[in-house]
Amino acid sequence: MSDRPGLPVVELPTSGGCADVPVLKERGQREVFCGLTGIVWLHRKLQDAFFLVVGSRTCAHLIQSAAGVMIFAEPRFGTAILTDRDLAGMADANDELDRVCATLLERRPDIRTLFLVGSCPSEVIKLDLAKAAERLNARVLPRVRVVNYSGSGIETTFTQGEDNALKALVPLLPASDERQLLVVGTLADVVEDQFARLFRQLGIGPVRHFPPRRSTDLPPVGPGTRLLLAQPFNGEAVRALLARGATLLPAPYPFGGEGTTAWLAAAAAEWNVNAEHFRQVTQPLHERARKGLDRYRATLEGKRLFFMPDSQLEVPLARFLHRELGMQLVEVGTPYLDRQMVGAELPLLPATTTLSEGQDVERQLDRVRAAKPDLTVCGLGLANPLEREGFATKWSIELVFTPIHGYDQAADLAEIFARPLLRRERLTV
Amino acid sequence: MQLTLWTYEGPPHVGAMRIATSMRDVHYVLHAPQGDTYADLLFTMIERQDARPPVTYTTFQARDLGGDTANLVTTAVRDAFERFKPKALLVGESCTAELIQDQPGSLAQGMGIPVPVVPLELPAYSKKENWGAAETLYHLVKALLADRVPKPGTPRPARPEGRRPRANLLGPTVLGFRCRDDVREVTQLLGQLGIDVHVVAPLGASPDDVVRIPEADFNVDLYPEVSRTTAGWLQRAFGMPYTKTIPMGTGATRDFIAEVAQLAGVDAAPVLGRERPGVAGLASSQSRAPWYQRSVDSTYLTGKRVFIFADATHAIAAARIAAQEMGFTVVGLGTYSREFAREVREAARQYGVEALITDDYLEVEAAIAAATPELVLGTQMERHIAKRLGVACAVISVPIHVQDVPARYSPVYGFEGANVLFDTWVHPLVMGLEEHLLQMFREDFEFHDGAVPSHLAAVAPSAPAAGGAVSAPAGEAEGVRTLASVPQLQVTVAMPAVTDPAAAAAPAASAGPVPPVWTPEGEQELRKIPFFVRGKAKRNTEAYAAQHGIARIGVDTLYDAKAHFGR
């Protein structure tokens, strides 16, 4: 990124990195949520959308178990549970779906976008939700738009649900040649606001977000659009945006001071921001982030870290923890490796890292036991059992439910990893 | 197709997981796609289990579907057997696998695995979690005991001279309601009668223990949702009688003691002699509950309106306690356990209410709102509902959350269970003197409608409701809106005629006669009644006005109605 004239220079020294090392590909039992889980945050981000899973009681139970306890209000998601009757005749299932949607929209007149979310059973019985959306749209447009995507476990893992939801929206984005920065991936509102201030100070704009806070406020896309990725799991949506003429600004993800600076720099370069101005704006913030991180360095430095695959955030977070806090990476597991999405990250990982893709949970747990890491990042199903075996753990789901992006959240992000270790120091029982 | 926001029960294979996870040396191979492993966290997080559930998932993907998903099953079965060395293997499928019809159970049975392999067919599109648990326990027990069933008509051998009577406790599981502590309580209760607990299953049992079940004299059907099918089969196959009383509450515990004493052929008098009804005192029972309930301090509990919705076992037992031991008035009773709908209907008749049999959370919410209870006894779902409606609530049944799995000893069965229930149900209520003060000094600024029992401030919804309506407190606005969207509830809950012009303008379910209108004076007087009984007063007054053809409700109508209905 430093070979273009007039660019602010942010050098990210690399050691050859992890880009070319062989990946351990595994196949077996996966201890990872399916894409339906993304609804848990998407339904809060998109304040006028409703997510209707067309699936089984298992789907309803999954979302409720993964998230339900956090949400006391009537959620903007639900499940149309397939029953024996629906399986017996397809025409009936379609009628039933129309009926359920009508009831729902009547009950929730505030809804502007209805997502029909495919599940494992709806995919297997080939219930055509695209057709259903078309059929419903003929009735409810323009008040409500019906969109469909799949969050099924046979096709998607955890955060891929967001990817598919966004991909389903891409064809609906208005076309525009306007030069704009489009930030892709759900961010906490507070982080979005921080970045908005920064982009304004840097003179970068207009800046829009995808997903937007309201489903009726979809950003335009076209040849003038430059994509800056806030989350590493939206590969399909990004490729759909590229197909509509947008250009990707390759960058590491905005985790940590260094990651955030590099991320902003990618946009700044594109907008020809003066290097000195860039430094003036970002340096104090980067410095503040560094100061915040110092508090946790003693706890994390030199500690050996093992990532079980979960949210797709593993690679960028490993980079942050290694480079800015000195953690040693034992294994970085990720559900799938999308090299286009982590192209700027892999070279920043040490070549000694074991990079694994997919999962055979029993074998991976054997590797955890053999490697005896100081901290294991894993899902909720594994955390307590690993703690019982004597391993400190960090539940990975917290990483998608906490504001962790940007300068002023860098220390919060470090604290998430330091907390289990600090807690162990306190406890005497 | 059923529209669901929350579900009371998981799918049936989660019931099977509860059985497998409750036991030792049992492993469950589940043909299921990625994502179904979510169920592990129910055990490791809600129940804080310190080991993973003994479940292996085949994790098939879309790309496997055209090919050989059956091969994934046999691989998973072989790997699981070699790694975990179980003494019995359950093999089944989740909802998606059911559609691709690989018959994993039969496949596994044909693999020559040298331990019992129990195929589970749990139809995911018609059945639910408790049914799945009951079926799994039944098939496992049946498979392990198959070659020990005596010929039909064989008389049951008499208990050998000198051997103490033995009972099995059937039904306790992980992710049940207080099962761990109920088992301990019931075990010591039986111990007082000289009865030994022989096998507890499934909780803590291994397949070897299950094989010993017929060695006991009778079975205690502790959680019928899970164990009734098995208890029934053991009675048919081995002639083992089983108990019908659930020992929840003081009265039911006394009945239970009498029942097991009779089944075991022992004398209950030494235990029951101290437990005679009507002579409550601190020394007259093993539990303090009967005396606490009769102590004058509890007078304020009299006639409190309680709505009960739970699994059938806990709902029926709670209703009896509420009516006969707490002195409450049962204004609603229901269950999501359709398998036991008949029993719940029967119980509801005793209390003069119509049983609510549904697994639709919205229907339960509407029924609770319409019944205007002062206390809700329910599940985690009803806790959410009650919070939204600003009504006190105690959880008495699954589904539960982590806070319902307490660290302390906290049974709900037996005499200690009666103590626990007394404390748990009284705790969320406005206490005696505070209730009086609220009645007397309505104008006190701290007695606004959002004010909650002073000992609960930390967990209470805060902030006064604008205008002092009988609505949920501010911040729960979403709840209010939801209710308003259920037309028949507006009149009883949202009080649109008094305070909420928007809601009043919404179409009420008004095909019938025009509802009476509150005059400003009547409305003002109504507001002087504490919010937790105001709903009832309002409802009574409106009913009275409608009966008497009064179109405008004034101060006098309010007091006429009060005279008419009593408190």
# chains A, B, ... in the order shown; residues from 1 in each chain; ligands from 1

$ closest_atom_pairs --of "chain B" --to "chain A" --cutoff "7 Å" --atoms "only C-alpha atoms" --output "JSON lines"
{"residue": "B:Met1", "atom": "CA", "partner": "A:Leu82", "partner_atom": "CA", "distance": 4.9}
{"residue": "B:Gln2", "atom": "CA", "partner": "A:Ile81", "partner_atom": "CA", "distance": 5.0}
{"residue": "B:Leu3", "atom": "CA", "partner": "A:Ala80", "partner_atom": "CA", "distance": 4.5}
{"residue": "B:Thr4", "atom": "CA", "partner": "A:Thr79", "partner_atom": "CA", "distance": 5.1}
{"residue": "B:Leu5", "atom": "CA", "partner": "A:Gly78", "partner_atom": "CA", "distance": 4.5}
{"residue": "B:Trp6", "atom": "CA", "partner": "A:Gln64", "partner_atom": "CA", "distance": 6.6}
{"residue": "B:Thr7", "atom": "CA", "partner": "A:His61", "partner_atom": "CA", "distance": 6.5}
{"residue": "B:Gly10", "atom": "CA", "partner": "A:His61", "partner_atom": "CA", "distance": 5.5}
{"residue": "B:Pro11", "atom": "CA", "partner": "A:Thr58", "partner_atom": "CA", "distance": 5.4}
{"residue": "B:Pro33", "atom": "CA", "partner": "A:Ile154", "partner_atom": "CA", "distance": 5.7}
{"residue": "B:Gln34", "atom": "CA", "partner": "A:Gly153", "partner_atom": "CA", "distance": 4.8}
{"residue": "B:Gly35", "atom": "CA", "partner": "A:Phe33", "partner_atom": "CA", "distance": 4.2}
{"residue": "B:Thr37", "atom": "CA", "partner": "A:Glu31", "partner_atom": "CA", "distance": 5.8}
{"residue": "B:Tyr38", "atom": "CA", "partner": "A:Phe33", "partner_atom": "CA", "distance": 6.1}
{"residue": "B:Asp40", "atom": "CA", "partner": "A:Gly381", "partner_atom": "CA", "distance": 5.0}
{"residue": "B:Leu41", "atom": "CA", "partner": "A:Gly381", "partner_atom": "CA", "distance": 4.2}
{"residue": "B:Thr44", "atom": "CA", "partner": "A:Gly381", "partner_atom": "CA", "distance": 5.8}
{"residue": "B:Met45", "atom": "CA", "partner": "A:Leu380", "partner_atom": "CA", "distance": 7.0}
{"residue": "B:Asp50", "atom": "CA", "partner": "A:Pro385", "partner_atom": "CA", "distance": 4.6}
{"residue": "B:Ala51", "atom": "CA", "partner": "A:Pro385", "partner_atom": "CA", "distance": 4.4}
{"residue": "B:Arg52", "atom": "CA", "partner": "A:Pro385", "partner_atom": "CA", "distance": 5.8}
{"residue": "B:Tyr57", "atom": "CA", "partner": "A:Gln29", "partner_atom": "CA", "distance": 5.7}
{"residue": "B:Thr58", "atom": "CA", "partner": "A:Gln29", "partner_atom": "CA", "distance": 5.9}
{"residue": "B:Thr59", "atom": "CA", "partner": "A:Gln29", "partner_atom": "CA", "distance": 5.3}
{"residue": "B:Phe60", "atom": "CA", "partner": "A:Ile154", "partner_atom": "CA", "distance": 6.6}
{"residue": "B:Gln61", "atom": "CA", "partner": "A:Ile154", "partner_atom": "CA", "distance": 4.1}
{"residue": "B:Ala62", "atom": "CA", "partner": "A:Ile154", "partner_atom": "CA", "distance": 4.7}
{"residue": "B:Cys95", "atom": "CA", "partner": "A:Ser56", "partner_atom": "CA", "distance": 6.9}
{"residue": "B:Thr96", "atom": "CA", "partner": "A:Pro121", "partner_atom": "CA", "distance": 5.0}
{"residue": "B:Tyr125", "atom": "CA", "partner": "A:Thr83", "partner_atom": "CA", "distance": 4.6}
{"residue": "B:Ser126", "atom": "CA", "partner": "A:Thr83", "partner_atom": "CA", "distance": 6.1}
{"residue": "B:His384", "atom": "CA", "partner": "A:Phe72", "partner_atom": "CA", "distance": 6.1}
{"residue": "B:Glu478", "atom": "CA", "partner": "A:Ala73", "partner_atom": "CA", "distance": 6.4}
{"residue": "B:Gly479", "atom": "CA", "partner": "A:Ala73", "partner_atom": "CA", "distance": 6.7}
{"residue": "B:Ser485", "atom": "CA", "partner": "A:Arg107", "partner_atom": "CA", "distance": 6.8}

$ residues_around --residues "Glu398 in chain A" --least-positions-apart "5" --cutoff "12 Å" --atoms "only C-alpha atoms" --output "count of residues only"
18

$ select_by_dssp --residues "range 38-256 of chain B" --states "helix (DSSP H, G or I)" --output "ChimeraX atom specification"
/B:38-46,62-65,69-84,95-100,104-109,129-148,179-192,207-211,213-215,224-238,250-256

$ residues_around --residues "Asp110 in chain A" --least-positions-apart "2" --cutoff "10 Å" --atoms "only C-alpha atoms" --output "number ranges by chain"
A: 47-50, 105-108, 112-113, 143-144

$ atom_distance --atom1 "CA of Thr402 in chain A" --atom2 "CA of Gly17 in chain A"
28.5 Å

$ closest_residue --among "A:Asn274, A:Gln283, A:Gln231, A:Gln328" --to "Ala351 in chain A" --atoms "only C-alpha atoms"
A:Gln328
